[in-house]
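Visitor: Pasting input-v2.txt here (compact mmCIF, C-alpha atoms):
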# COMPACT_ATOMS: atom_id res chain seq x y z
CA MET E 1 133.95 37.63 98.48
CA ILE E 2 136.79 36.71 96.13
CA ASP E 3 139.37 37.17 98.88
CA GLY E 4 137.44 34.75 101.08
CA LEU E 5 137.29 32.17 98.27
CA VAL E 6 141.03 32.49 97.64
CA ALA E 7 141.78 32.12 101.36
CA LEU E 8 139.50 29.07 101.58
CA THR E 9 141.17 27.51 98.55
CA GLN E 10 144.62 28.13 99.99
CA ALA E 11 143.60 26.59 103.32
CA GLY E 12 142.21 23.56 101.50
CA LEU E 13 145.42 23.15 99.51
CA LEU E 14 147.51 23.37 102.68
CA ILE E 15 145.36 20.69 104.32
CA LEU E 16 145.75 18.46 101.25
CA LEU E 17 149.51 19.01 101.22
CA ALA E 18 149.77 18.16 104.92
CA THR E 19 147.68 15.02 104.33
CA LEU E 20 149.93 14.02 101.44
CA VAL E 21 153.09 14.44 103.50
CA TRP E 22 151.58 12.48 106.40
CA ARG E 23 150.47 9.66 104.07
CA MET E 24 153.89 9.49 102.41
CA LEU E 25 155.57 9.22 105.80
CA MET E 26 153.20 6.45 106.87
CA LEU E 27 153.82 4.54 103.63
CA ALA E 28 157.58 4.99 103.95
CA ARG E 29 157.46 3.52 107.43
CA SER E 30 155.24 0.57 106.51
CA GLU E 31 156.94 -0.47 103.24
CA PRO E 32 160.26 -2.33 103.31
CA LEU E 33 163.23 -0.58 101.80
CA VAL E 34 164.00 -1.43 98.21
CA ALA E 35 167.47 -2.88 97.94
CA ARG E 36 169.86 -0.60 96.11
CA PRO E 37 173.37 -1.47 95.01
CA GLY E 38 175.64 -1.19 98.01
CA HIS E 39 172.71 -0.88 100.43
CA GLN E 40 171.85 -3.65 102.86
CA PRO E 41 168.38 -3.49 104.42
CA ALA E 42 168.32 -3.48 108.19
CA PRO E 43 167.43 -6.83 109.78
CA LEU E 44 164.01 -7.15 111.36
CA ALA E 45 163.79 -6.53 115.08
CA HIS E 46 162.84 -9.48 117.27
CA LYS E 47 159.34 -8.11 117.76
CA GLU E 48 158.65 -7.64 114.04
CA LYS E 49 157.51 -10.59 111.98
CA PRO E 50 157.27 -10.53 108.22
CA VAL E 51 153.73 -10.59 106.94
CA LEU E 52 153.40 -13.49 104.51
CA ARG E 53 149.92 -12.52 103.43
CA GLN E 54 151.19 -9.27 101.92
CA HIS E 55 153.90 -11.23 100.08
CA LYS E 56 151.34 -13.64 98.66
CA ARG E 57 149.07 -10.77 97.64
CA ARG E 58 152.00 -9.02 95.94
CA ALA E 59 153.01 -12.24 94.14
CA SER E 60 149.42 -12.67 92.97
CA ALA E 61 149.35 -9.08 91.73
CA ASP E 62 152.66 -9.62 89.93
CA ARG E 63 151.29 -12.75 88.25
CA THR E 64 148.14 -10.90 87.20
CA GLU E 65 150.20 -8.02 85.84
CA LEU E 66 152.46 -10.44 83.97
CA PHE E 67 149.44 -12.24 82.52
CA THR E 68 147.95 -8.92 81.40
CA HIS E 69 151.17 -7.70 79.81
CA LEU E 70 151.79 -11.00 78.03
CA HIS E 71 148.21 -11.14 76.80
CA ILE E 72 148.44 -7.60 75.40
CA LEU E 73 151.82 -8.26 73.80
CA ALA E 74 150.62 -11.55 72.30
CA GLY E 75 147.52 -9.85 70.93
CA LEU E 76 149.57 -7.10 69.33
CA GLN E 77 151.97 -9.59 67.77
CA GLU E 78 149.16 -11.84 66.57
CA ARG E 79 147.55 -8.81 64.92
CA ASP E 80 150.87 -7.83 63.34
CA CYS E 81 151.24 -11.35 61.93
CA ARG E 82 147.68 -11.31 60.60
CA ILE E 83 148.22 -7.94 58.88
CA SER E 84 151.43 -9.29 57.33
CA GLY E 85 149.59 -12.33 55.99
CA LEU E 86 150.50 -14.97 58.56
CA GLN E 87 147.45 -16.52 60.20
CA LEU E 88 148.86 -18.14 63.35
CA GLY E 89 145.67 -20.10 63.97
CA GLU E 90 145.97 -21.76 60.57
CA ALA E 91 149.78 -22.09 60.58
CA PRO E 92 151.55 -25.45 60.92
CA GLU E 93 152.18 -26.73 64.43
CA THR E 94 155.90 -25.93 64.23
CA VAL E 95 155.18 -22.27 63.43
CA ARG E 96 152.85 -22.11 66.43
CA ALA E 97 155.66 -23.60 68.53
CA TYR E 98 157.91 -20.78 67.31
CA ALA E 99 155.26 -18.31 68.45
CA ALA E 100 155.16 -20.00 71.87
CA ALA E 101 158.95 -19.72 72.11
CA TRP E 102 158.76 -16.02 71.21
CA LEU E 103 156.10 -15.48 73.85
CA TYR E 104 158.17 -17.38 76.42
CA GLY E 105 161.10 -15.06 75.70
CA ALA E 106 158.76 -12.11 76.20
CA GLY E 107 157.56 -13.63 79.46
CA CYS E 108 161.13 -13.99 80.70
CA ALA E 109 161.74 -10.32 79.95
CA LEU E 110 158.57 -9.16 81.70
CA CYS E 111 158.68 -11.28 84.86
CA ASN E 112 160.83 -11.02 87.96
CA GLN E 113 164.25 -12.61 87.64
CA SER E 114 163.38 -15.21 90.27
CA GLU E 115 160.43 -16.43 88.17
CA ARG E 116 162.31 -16.81 84.89
CA HIS E 117 162.50 -20.31 83.45
CA SER E 118 159.97 -21.63 85.97
CA ASP E 119 157.21 -24.13 85.35
CA ALA E 120 154.65 -21.51 86.36
CA LEU E 121 155.87 -19.12 83.66
CA ALA E 122 155.91 -21.90 81.06
CA GLY E 123 152.32 -22.80 82.00
CA LEU E 124 151.20 -19.19 81.79
CA VAL E 125 152.83 -18.76 78.39
CA ALA E 126 151.33 -22.04 77.15
CA GLN E 127 147.88 -20.86 78.24
CA ILE E 128 148.20 -17.56 76.38
CA ALA E 129 149.77 -19.22 73.32
CA ASN E 130 146.82 -21.61 73.24
CA LYS E 131 144.37 -18.70 73.20
CA LYS E 132 146.26 -16.67 70.60
CA THR E 133 147.58 -19.34 68.22
CA GLY E 134 145.56 -22.45 68.88
CA ILE E 135 148.57 -24.55 69.86
CA ARG E 136 147.76 -27.14 72.50
CA GLN E 137 149.17 -26.27 75.89
CA ALA E 138 151.12 -29.53 76.15
CA GLU E 139 152.81 -28.86 72.82
CA ALA E 140 153.63 -25.28 73.83
CA VAL E 141 155.20 -26.53 77.08
CA GLN E 142 157.15 -29.12 75.06
CA ALA E 143 158.45 -26.41 72.70
CA ILE E 144 159.50 -24.30 75.69
CA ALA E 145 161.21 -27.27 77.34
CA THR E 146 163.22 -28.03 74.20
CA LEU E 147 164.30 -24.48 73.32
CA THR E 148 167.98 -25.30 73.21
CA SER E 149 167.54 -28.29 70.91
CA CYS E 150 166.34 -26.19 67.98
CA GLY E 151 168.06 -23.09 66.61
CA VAL E 152 164.80 -21.63 65.31
CA LEU E 153 163.10 -21.95 68.72
CA LEU E 154 166.11 -20.36 70.36
CA ALA E 155 166.15 -17.48 67.85
CA CYS E 156 162.43 -16.88 68.40
CA PHE E 157 162.97 -16.96 72.17
CA ARG E 158 165.75 -14.38 71.87
CA ALA E 159 163.64 -12.13 69.63
CA GLY E 160 160.79 -12.32 72.15
CA LEU E 161 163.16 -11.42 74.96
CA ASP E 162 164.55 -8.41 73.11
CA GLY E 163 161.14 -7.36 71.79
CA ALA E 164 159.48 -7.37 75.20
CA GLU E 165 162.36 -5.51 76.84
CA TYR E 166 162.01 -2.77 74.23
CA TRP E 167 158.20 -2.85 74.51
CA GLN E 168 158.38 -2.18 78.26
CA SER E 169 159.91 1.22 77.76
CA HIS E 170 158.62 2.24 74.32
CA GLN E 171 155.19 0.53 74.12
CA TYR E 172 155.94 -1.06 70.77
CA VAL E 173 158.11 -3.86 69.47
CA GLN E 174 160.83 -3.07 66.99
CA PRO E 175 160.12 -4.72 63.63
CA GLU E 176 163.34 -6.79 63.73
CA ASN E 177 162.28 -8.33 67.07
CA SER E 178 158.62 -8.85 66.23
CA LEU E 179 157.07 -12.29 66.18
CA TYR E 180 156.49 -12.10 62.43
CA ALA E 181 160.13 -11.19 61.74
CA ALA E 182 161.38 -13.92 64.07
CA ILE E 183 159.31 -16.57 62.33
CA THR E 184 159.94 -15.45 58.76
CA ALA E 185 163.67 -14.84 59.27
CA ASN E 186 164.33 -18.19 60.91
CA ALA E 187 161.82 -20.61 59.40
CA LEU E 188 160.74 -21.61 55.93
CA ILE E 189 157.06 -20.79 55.76
Spell out the structure here as structure tokens.
Guide:
Amino acid sequence: MIDGLVALTQAGLLILLATLVWRMLMLARSEPLVARPGHQPAPLAHKEKPVLRQHKRRASADRTELFTHLHILAGLQERDCRISGLQLGEAPETVRAYAAAWLYGAGCALCNQSERHSDALAGLVAQIANKKTGIRQAEAVQAIATLTSCGVLLACFRAGLDGAEYWQSHQYVQPENSLYAAITANALI
């Protein structure tokens, strides 16, 4: 009885392994090669046409993932500020603009390089900043557009960039790159 159960389990595992190998081969054939340094992908044959619908779906998924990551990061930083005694919703408009700049830096770190410094990213950041800090979206977009004109905005942007890059691999933001530290170190509040 036990020998039969062991043999059946082994046969089932072999079938699952064969299915896994087959599925990996099918996926490897259907997915384009990821460009590696020094590696040029082969050009498409005349019969093959790129599928734009998959590209649009992937771009939509990337945007959703970016929105989710930014929303989580903004929520964590808003909570950190609140615990430290800084209520972003009640803070002056300039402090909320600093928060938008920090979040924009985080967005630049989390998005694809081709999407950095785009109007779509600025709009997404303004939307999240509006939800988390209460800053109007137009004012958040204005703060993002004028980053280089103000040293404090630029410092907050840089802290957001560094904080999000670290957050991607460690799941927390170092205290020196947090939103609270960026605001308190660079602004008189």
Visitor: Select, counting all atoms listed in the file, all protein, DNA and RNA residues no farther than 12 Å from (157.0, -4.9, 71.0) in file coordinates, and express the selection as a count of residues only.
Guide: 40
Visitor: Choose the residue, out of E:Thr19, E:Thr133, E:Ser118, E:Ser149, that has the smallest atom-to-atom separation from E:Gln87; count all atoms listed in the file.
Guide: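 With all atoms listed in the file as the atom set, the closest residue is E:Thr133.
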Visitor: Quote the spacing between atom CA of E:Cys111 and atom CA of E:Ala129 in Å to one decimal place.
Guide: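 Taking atom CA of E:Cys111 as the start and atom CA of E:Ala129 as the end point, the length is 16.6 Å.
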Visitor: Between E:Arg29, E:Arg158, E:Lys131, E:Arg136, single out the one closest to E:Gly107, counting all atoms listed in the file.
Guide: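 Comparing E:Arg29, E:Arg158, E:Lys131, E:Arg136 against E:Gly107, the winner is E:Arg158.
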Visitor: Please, what distance in Å, to one decimal, runs between atom CA of E:Ile135 and atom CA of E:Ser114?
Guide: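 That distance, rounded to one decimal, is 26.9 Å.
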Visitor: Given the choices E:Gln142, E:Ser30, E:Gln113, E:Asn130, which gets closest to E:Gly89 if the distance is worked out from only C-alpha atoms?
Guide: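 Going through E:Gln142, E:Ser30, E:Gln113, E:Asn130 one by one, the smallest distance to E:Gly89 is for E:Asn130.
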Visitor: Do you have the atom CA of E:Ile183-atom CA of E:Asp62 distance handy?
Guide: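 That distance, rounded to one decimal, is 29.2 Å.
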